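A quick write-up on the structure given underneath.
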Amino acid sequence: MQSRLANSLTAIALQKFKKNFWGVLSFWFIVCCAVVAVLAYVLAPDDSANANQMHLSIHSKPPGFSVKMLTIPSKLSADQFFLTQLFFGETNRDVEIPIEDTYTSTASTLNVTPYAEGELVAISKEYPLTVFPEGMTAKEIVTQYVTQRTFVLGTDKYGRDMLSRMLVGIRISLSIGFVAVFISLVLGITLGAIAGYFGGRIDAIIMWLINVTWSIPTLLLVIAITLALGKGFWQVFIAVGLTMWVEVARVVRGQVLSVRQMPYVTAAKALGFTHFRIITRHVLPNSLAPVIVISAANFASAILIESGLSFLGIGAQPPMASWGAMIKDHYSYIILGKAYLAVIPGVAIMSLVMAFMLMGNALRDALDVKN
């Protein structure tokens, strides 16, 4: 009977969620972002590790900038396992050189003029044909290794492709959200359920710990934990997760205090069930609806905290592509007429955070039993 009621309420909540336009739109936007994060190196024009292929001669170019690119094949490149390339990018990438439209060739060399900006006069360079695959003529080399490259979102101050950095950077934001929320759920649900179910001195000790943690500013606590663990990618995961469990624990505790008075919990105790079984099979399943909403909000908070840490220089470290670090590198360009270098990652952060907040609001409305 209880199972049928739960399934019926779940179906009703799902129908209410489907009727919320912004909630559904946010859900599919997040799904698309997750797909892009998984396939980032497949979709990115620059599929090198961390999309870190630099071309200083074409730095800070606007969206839509186009230039001819000469590719010098690397003789050290080796076949990579597909999954390794999918998740970590391509290693031993060929060298790419932006060049002017004019180039000449002889029987033994290819003469090109590197791209020069403004009034700078670039000196032409000669590349022997031996650096290319054996047996290729100069005409075949030009056809195959000189291509027109268009940077859809322009380039950053190091000449890296902004689009590729944005696609790879979405991995940082989503992964920090998933891991941080997972850590906060494990700690928050465990401590909140124990405090609410057992009460008494155990509840007092856990609530003291919650109140102490709650009283410390979140960003200050994250910075302290990050500095204690060291700067790095995984350290940020742990630091953010350890600061977000408090709200989950408080909500779970309040729900458990209410649910433990229900007749079915009293019946389970009378039947001699263990505390662990009562908590996991009877108490928590009827207490987690608000936690789902909090998780969506915490996901958005985790993205903002990671971006803030990267902006301060203690988040994901270079050359990793992080939206917060991209804003840090280019915020001074706002007054130099190249605001897009900071606006593009800023809009990306805003869009992803807004999507999680809208989905959280939709879940809250769908799971509201009063309606």
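Labeling convention for the structure tokens: chains A, B, ... as they appear, residues from 1 per chain, ligands from 1 in order of appearance.
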Would you mind writing down, as number ranges by chain, each residue of segment 70-207 of chain A that DSSP on the backbone assigns to strand (DSSP E or B)?
A: 70-72, 90, 95-105, 109-114, 125-128, 146-151, 155, 161
Identify, on the basis of only C-alpha atoms, every residue whose closest approach to Tyr103 of chain A does not exceed 12 Å; exclude the query and any residue fewer than 6 positions from it along the same chain; express the result as a VMD selection string.
chain A and resid 68 to 70 109 to 115 123 to 127 138 to 139 141 to 142 146
With N, CA and C atoms kept, could you save the residues just selected as a JSON list (two decimals), in the first residue's frame?
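Output (result.json):
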```json
[["chain", "number", "residue", "atom", "x", "y", "z"],
["A", 68, "LYS", "N", 45.27, 31.61, -42.00],
["A", 68, "LYS", "CA", 45.81, 30.38, -42.55],
["A", 68, "LYS", "C", 46.76, 29.76, -41.53],
["A", 69, "MET", "N", 46.73, 28.45, -41.44],
["A", 69, "MET", "CA", 47.52, 27.74, -40.44],
["A", 69, "MET", "C", 48.36, 26.65, -41.12],
["A", 70, "LEU", "N", 49.66, 26.71, -40.89],
["A", 70, "LEU", "CA", 50.57, 25.68, -41.39],
["A", 70, "LEU", "C", 50.80, 24.66, -40.28],
["A", 109, "THR", "N", 62.36, 23.20, -50.20],
["A", 109, "THR", "CA", 61.89, 23.96, -49.04],
["A", 109, "THR", "C", 60.52, 24.56, -49.30],
["A", 110, "LEU", "N", 59.85, 24.87, -48.20],
["A", 110, "LEU", "CA", 58.58, 25.60, -48.24],
["A", 110, "LEU", "C", 58.80, 26.93, -47.53],
["A", 111, "ASN", "N", 58.62, 28.04, -48.23],
["A", 111, "ASN", "CA", 58.86, 29.37, -47.67],
["A", 111, "ASN", "C", 57.52, 29.99, -47.28],
["A", 112, "VAL", "N", 57.38, 30.35, -46.01],
["A", 112, "VAL", "CA", 56.14, 30.95, -45.53],
["A", 112, "VAL", "C", 56.48, 32.20, -44.74],
["A", 113, "THR", "N", 55.49, 33.08, -44.62],
["A", 113, "THR", "CA", 55.64, 34.29, -43.81],
["A", 113, "THR", "C", 54.73, 34.18, -42.60],
["A", 114, "PRO", "N", 55.29, 34.08, -41.39],
["A", 114, "PRO", "CA", 54.44, 33.99, -40.19],
["A", 114, "PRO", "C", 53.50, 35.18, -40.07],
["A", 115, "TYR", "N", 52.35, 34.95, -39.50],
["A", 115, "TYR", "CA", 51.35, 36.01, -39.34],
["A", 115, "TYR", "C", 51.91, 37.11, -38.45],
["A", 123, "ILE", "N", 59.53, 38.10, -40.77],
["A", 123, "ILE", "CA", 60.57, 37.56, -41.64],
["A", 123, "ILE", "C", 60.13, 36.18, -42.10],
["A", 124, "SER", "N", 60.22, 35.96, -43.38],
["A", 124, "SER", "CA", 59.81, 34.66, -43.93],
["A", 124, "SER", "C", 60.73, 33.56, -43.42],
["A", 125, "LYS", "N", 60.17, 32.37, -43.29],
["A", 125, "LYS", "CA", 60.92, 31.22, -42.80],
["A", 125, "LYS", "C", 60.87, 30.10, -43.82],
["A", 126, "GLU", "N", 61.92, 29.32, -43.80],
["A", 126, "GLU", "CA", 62.00, 28.19, -44.70],
["A", 126, "GLU", "C", 61.90, 26.90, -43.90],
["A", 127, "TYR", "N", 61.06, 26.01, -44.38],
["A", 127, "TYR", "CA", 60.92, 24.70, -43.77],
["A", 127, "TYR", "C", 61.28, 23.64, -44.80],
["A", 138, "ALA", "N", 55.77, 19.72, -52.88],
["A", 138, "ALA", "CA", 55.42, 20.98, -52.22],
["A", 138, "ALA", "C", 53.95, 21.30, -52.41],
["A", 139, "LYS", "N", 53.41, 21.03, -53.58],
["A", 139, "LYS", "CA", 52.01, 21.31, -53.84],
["A", 139, "LYS", "C", 51.10, 20.44, -52.97],
["A", 141, "ILE", "N", 51.94, 19.18, -50.09],
["A", 141, "ILE", "CA", 52.10, 19.64, -48.71],
["A", 141, "ILE", "C", 51.22, 20.85, -48.45],
["A", 142, "VAL", "N", 51.22, 21.81, -49.37],
["A", 142, "VAL", "CA", 50.40, 23.00, -49.21],
["A", 142, "VAL", "C", 48.93, 22.63, -49.16],
["A", 146, "VAL", "N", 48.36, 23.20, -45.18],
["A", 146, "VAL", "CA", 48.00, 24.62, -45.04],
["A", 146, "VAL", "C", 46.49, 24.73, -45.12]]
```
I want to know what sits within 12 Å of Ala224 of chain A, based on only C-alpha atoms, with residues of the same chain fewer than 4 positions away left out; could you give that as a list in words?
Ile216, Pro217, Thr218, Leu219, Leu220, Ala228, Leu229, Gly230, Lys231, Gln235, Val236, Ile238, Ala239, Val240, Leu242, Thr243, Leu309 and Ile314 of chain A
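Counting only C-alpha atoms, Ile327 of chain A has the following residues at most 12 Å away, ignoring those fewer than 5 positions along the same chain: Asp156, Lys157, Met162, Met166, Gly169, Ser307, Gly308, Leu309, Ser310, Phe311, Leu312, Gly313, Ala321, Ser322, Ser332, Tyr333, Ile334, Ala339, Tyr340, Leu341, Ala342, Val343, Ile344, Pro345, Gly346, Val347, Ala348 and Ile349 of chain A.
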Those in segment 132-370 of chain A with helix (DSSP H, G or I) from DSSP, as a VMD selection string
chain A and resid 138 to 145 162 to 198 200 to 215 218 to 229 233 to 243 245 to 259 263 to 270 275 to 286 289 to 312 323 to 336 340 to 366
Name all residues at most 10 Å from Leu257 of chain A (count only C-alpha atoms; drop same-chain ones fewer than 3 positions away) and give them as a list in words.
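These residues fall inside the cut-off: Gly192, Ala193, Ala195, Gly196, Tyr197, Phe198, Gly199, Val252, Arg253, Gly254, Arg260, Gln261, Met262, Val283 and Ser287 of chain A.
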At a cut-off of 7 Å, using only C-alpha atoms, what residues contact segment 35-43 of chain A? Leave out same-chain residues fewer than 2 positions from it and give the result as number ranges by chain.
A: 31-33, 45, 47, 86, 89, 167-168, 170-171
Those residues with N, CA and C atoms, as a PDB file, in the first residue's frame please?
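Generated output (out-v9.pdb):
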```
ATOM      1  N   VAL A  31      21.392  18.650 -19.546  1.00  0.00           N
ATOM      2  CA  VAL A  31      21.724  17.393 -20.231  1.00  0.00           C
ATOM      3  C   VAL A  31      22.656  17.670 -21.411  1.00  0.00           C
ATOM      4  N   CYS A  32      22.352  18.698 -22.187  1.00  0.00           N
ATOM      5  CA  CYS A  32      23.207  19.064 -23.328  1.00  0.00           C
ATOM      6  C   CYS A  32      24.605  19.444 -22.848  1.00  0.00           C
ATOM      7  N   CYS A  33      24.684  20.186 -21.741  1.00  0.00           N
ATOM      8  CA  CYS A  33      25.988  20.557 -21.191  1.00  0.00           C
ATOM      9  C   CYS A  33      26.777  19.321 -20.755  1.00  0.00           C
ATOM     10  N   PRO A  45      37.708  22.321 -31.620  1.00  0.00           N
ATOM     11  CA  PRO A  45      38.670  22.428 -32.732  1.00  0.00           C
ATOM     12  C   PRO A  45      40.102  22.116 -32.293  1.00  0.00           C
ATOM     13  N   ASP A  47      41.986  19.865 -29.990  1.00  0.00           N
ATOM     14  CA  ASP A  47      41.782  18.693 -29.145  1.00  0.00           C
ATOM     15  C   ASP A  47      43.038  18.295 -28.385  1.00  0.00           C
ATOM     16  N   LEU A  86      39.620  10.687 -25.664  1.00  0.00           N
ATOM     17  CA  LEU A  86      38.315  11.281 -25.402  1.00  0.00           C
ATOM     18  C   LEU A  86      38.300  12.046 -24.089  1.00  0.00           C
ATOM     19  N   GLY A  89      42.376  14.292 -24.036  1.00  0.00           N
ATOM     20  CA  GLY A  89      42.876  15.028 -25.185  1.00  0.00           C
ATOM     21  C   GLY A  89      44.040  14.331 -25.864  1.00  0.00           C
ATOM     22  N   LEU A 167      34.627  24.704 -24.157  1.00  0.00           N
ATOM     23  CA  LEU A 167      34.077  23.353 -24.176  1.00  0.00           C
ATOM     24  C   LEU A 167      34.769  22.459 -23.157  1.00  0.00           C
ATOM     25  N   VAL A 168      36.084  22.573 -23.056  1.00  0.00           N
ATOM     26  CA  VAL A 168      36.818  21.760 -22.082  1.00  0.00           C
ATOM     27  C   VAL A 168      36.554  22.267 -20.666  1.00  0.00           C
ATOM     28  N   ILE A 170      33.870  23.358 -19.366  1.00  0.00           N
ATOM     29  CA  ILE A 170      32.587  22.950 -18.802  1.00  0.00           C
ATOM     30  C   ILE A 170      32.740  21.687 -17.962  1.00  0.00           C
ATOM     31  N   ARG A 171      33.780  20.919 -18.235  1.00  0.00           N
ATOM     32  CA  ARG A 171      34.033  19.711 -17.433  1.00  0.00           C
ATOM     33  C   ARG A 171      34.330  20.074 -15.981  1.00  0.00           C
TER      34      ARG A 171
END
```
Could you check the closest approach to Ile172 of chain A for each of A:Ile303, A:Ile335, A:Met350, A:Ile30 and tell me which residue wins, using only C-alpha atoms?
A:Ile303
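Comparing A:Leu185, A:Ile176, A:Leu221, A:Val353 by their smallest distance to Arg250 of chain A, the closest is A:Leu185 (using only C-alpha atoms).
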Return the single residue from A:Phe178, A:Phe273, A:Phe88, A:Tyr145 that is closest to Ala296 of chain A, with distances computed using only C-alpha atoms.
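When distances to Ala296 of chain A are compared using only C-alpha atoms, the smallest one comes from A:Phe178.
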Applying 9 Å and only C-alpha atoms, which residues near Glu247 of chain A remain after dropping the ones on its own chain fewer than 4 positions away? List them as an NGL selection string.
:A and (184 or 188 or 210 or 214 or 251-252 or 294)
Only N, CA, C and O atoms, please: the residues just picked out, written as an mmCIF file, in the first residue's frame.
```cif
data_model
loop_
_atom_site.group_PDB
_atom_site.id
_atom_site.type_symbol
_atom_site.label_atom_id
_atom_site.label_comp_id
_atom_site.auth_asym_id
_atom_site.auth_seq_id
_atom_site.Cartn_x
_atom_site.Cartn_y
_atom_site.Cartn_z
ATOM 1 N N SER A 184 28.576 16.319 -0.090
ATOM 2 C CA SER A 184 27.660 16.989 0.842
ATOM 3 C C SER A 184 26.453 16.112 1.155
ATOM 4 O O SER A 184 25.960 16.111 2.300
ATOM 5 N N GLY A 188 25.825 15.017 4.822
ATOM 6 C CA GLY A 188 24.622 15.654 5.347
ATOM 7 C C GLY A 188 23.525 14.662 5.672
ATOM 8 O O GLY A 188 22.896 14.740 6.748
ATOM 9 N N ILE A 210 27.239 21.325 13.452
ATOM 10 C CA ILE A 210 26.566 22.021 12.341
ATOM 11 C C ILE A 210 26.590 23.524 12.566
ATOM 12 O O ILE A 210 26.888 24.295 11.646
ATOM 13 N N TRP A 214 28.374 26.222 10.305
ATOM 14 C CA TRP A 214 27.462 27.194 9.689
ATOM 15 C C TRP A 214 27.906 28.627 9.959
ATOM 16 O O TRP A 214 27.682 29.520 9.142
ATOM 17 N N VAL A 251 18.260 20.060 7.070
ATOM 18 C CA VAL A 251 16.965 19.705 6.476
ATOM 19 C C VAL A 251 16.627 18.246 6.750
ATOM 20 O O VAL A 251 15.485 17.919 7.120
ATOM 21 N N VAL A 252 17.592 17.342 6.580
ATOM 22 C CA VAL A 252 17.342 15.924 6.827
ATOM 23 C C VAL A 252 16.983 15.694 8.284
ATOM 24 O O VAL A 252 16.069 14.916 8.600
ATOM 25 N N ILE A 294 17.430 20.937 -2.573
ATOM 26 C CA ILE A 294 18.656 21.524 -2.033
ATOM 27 C C ILE A 294 19.859 21.135 -2.878
ATOM 28 O O ILE A 294 20.769 21.933 -3.104
#
```
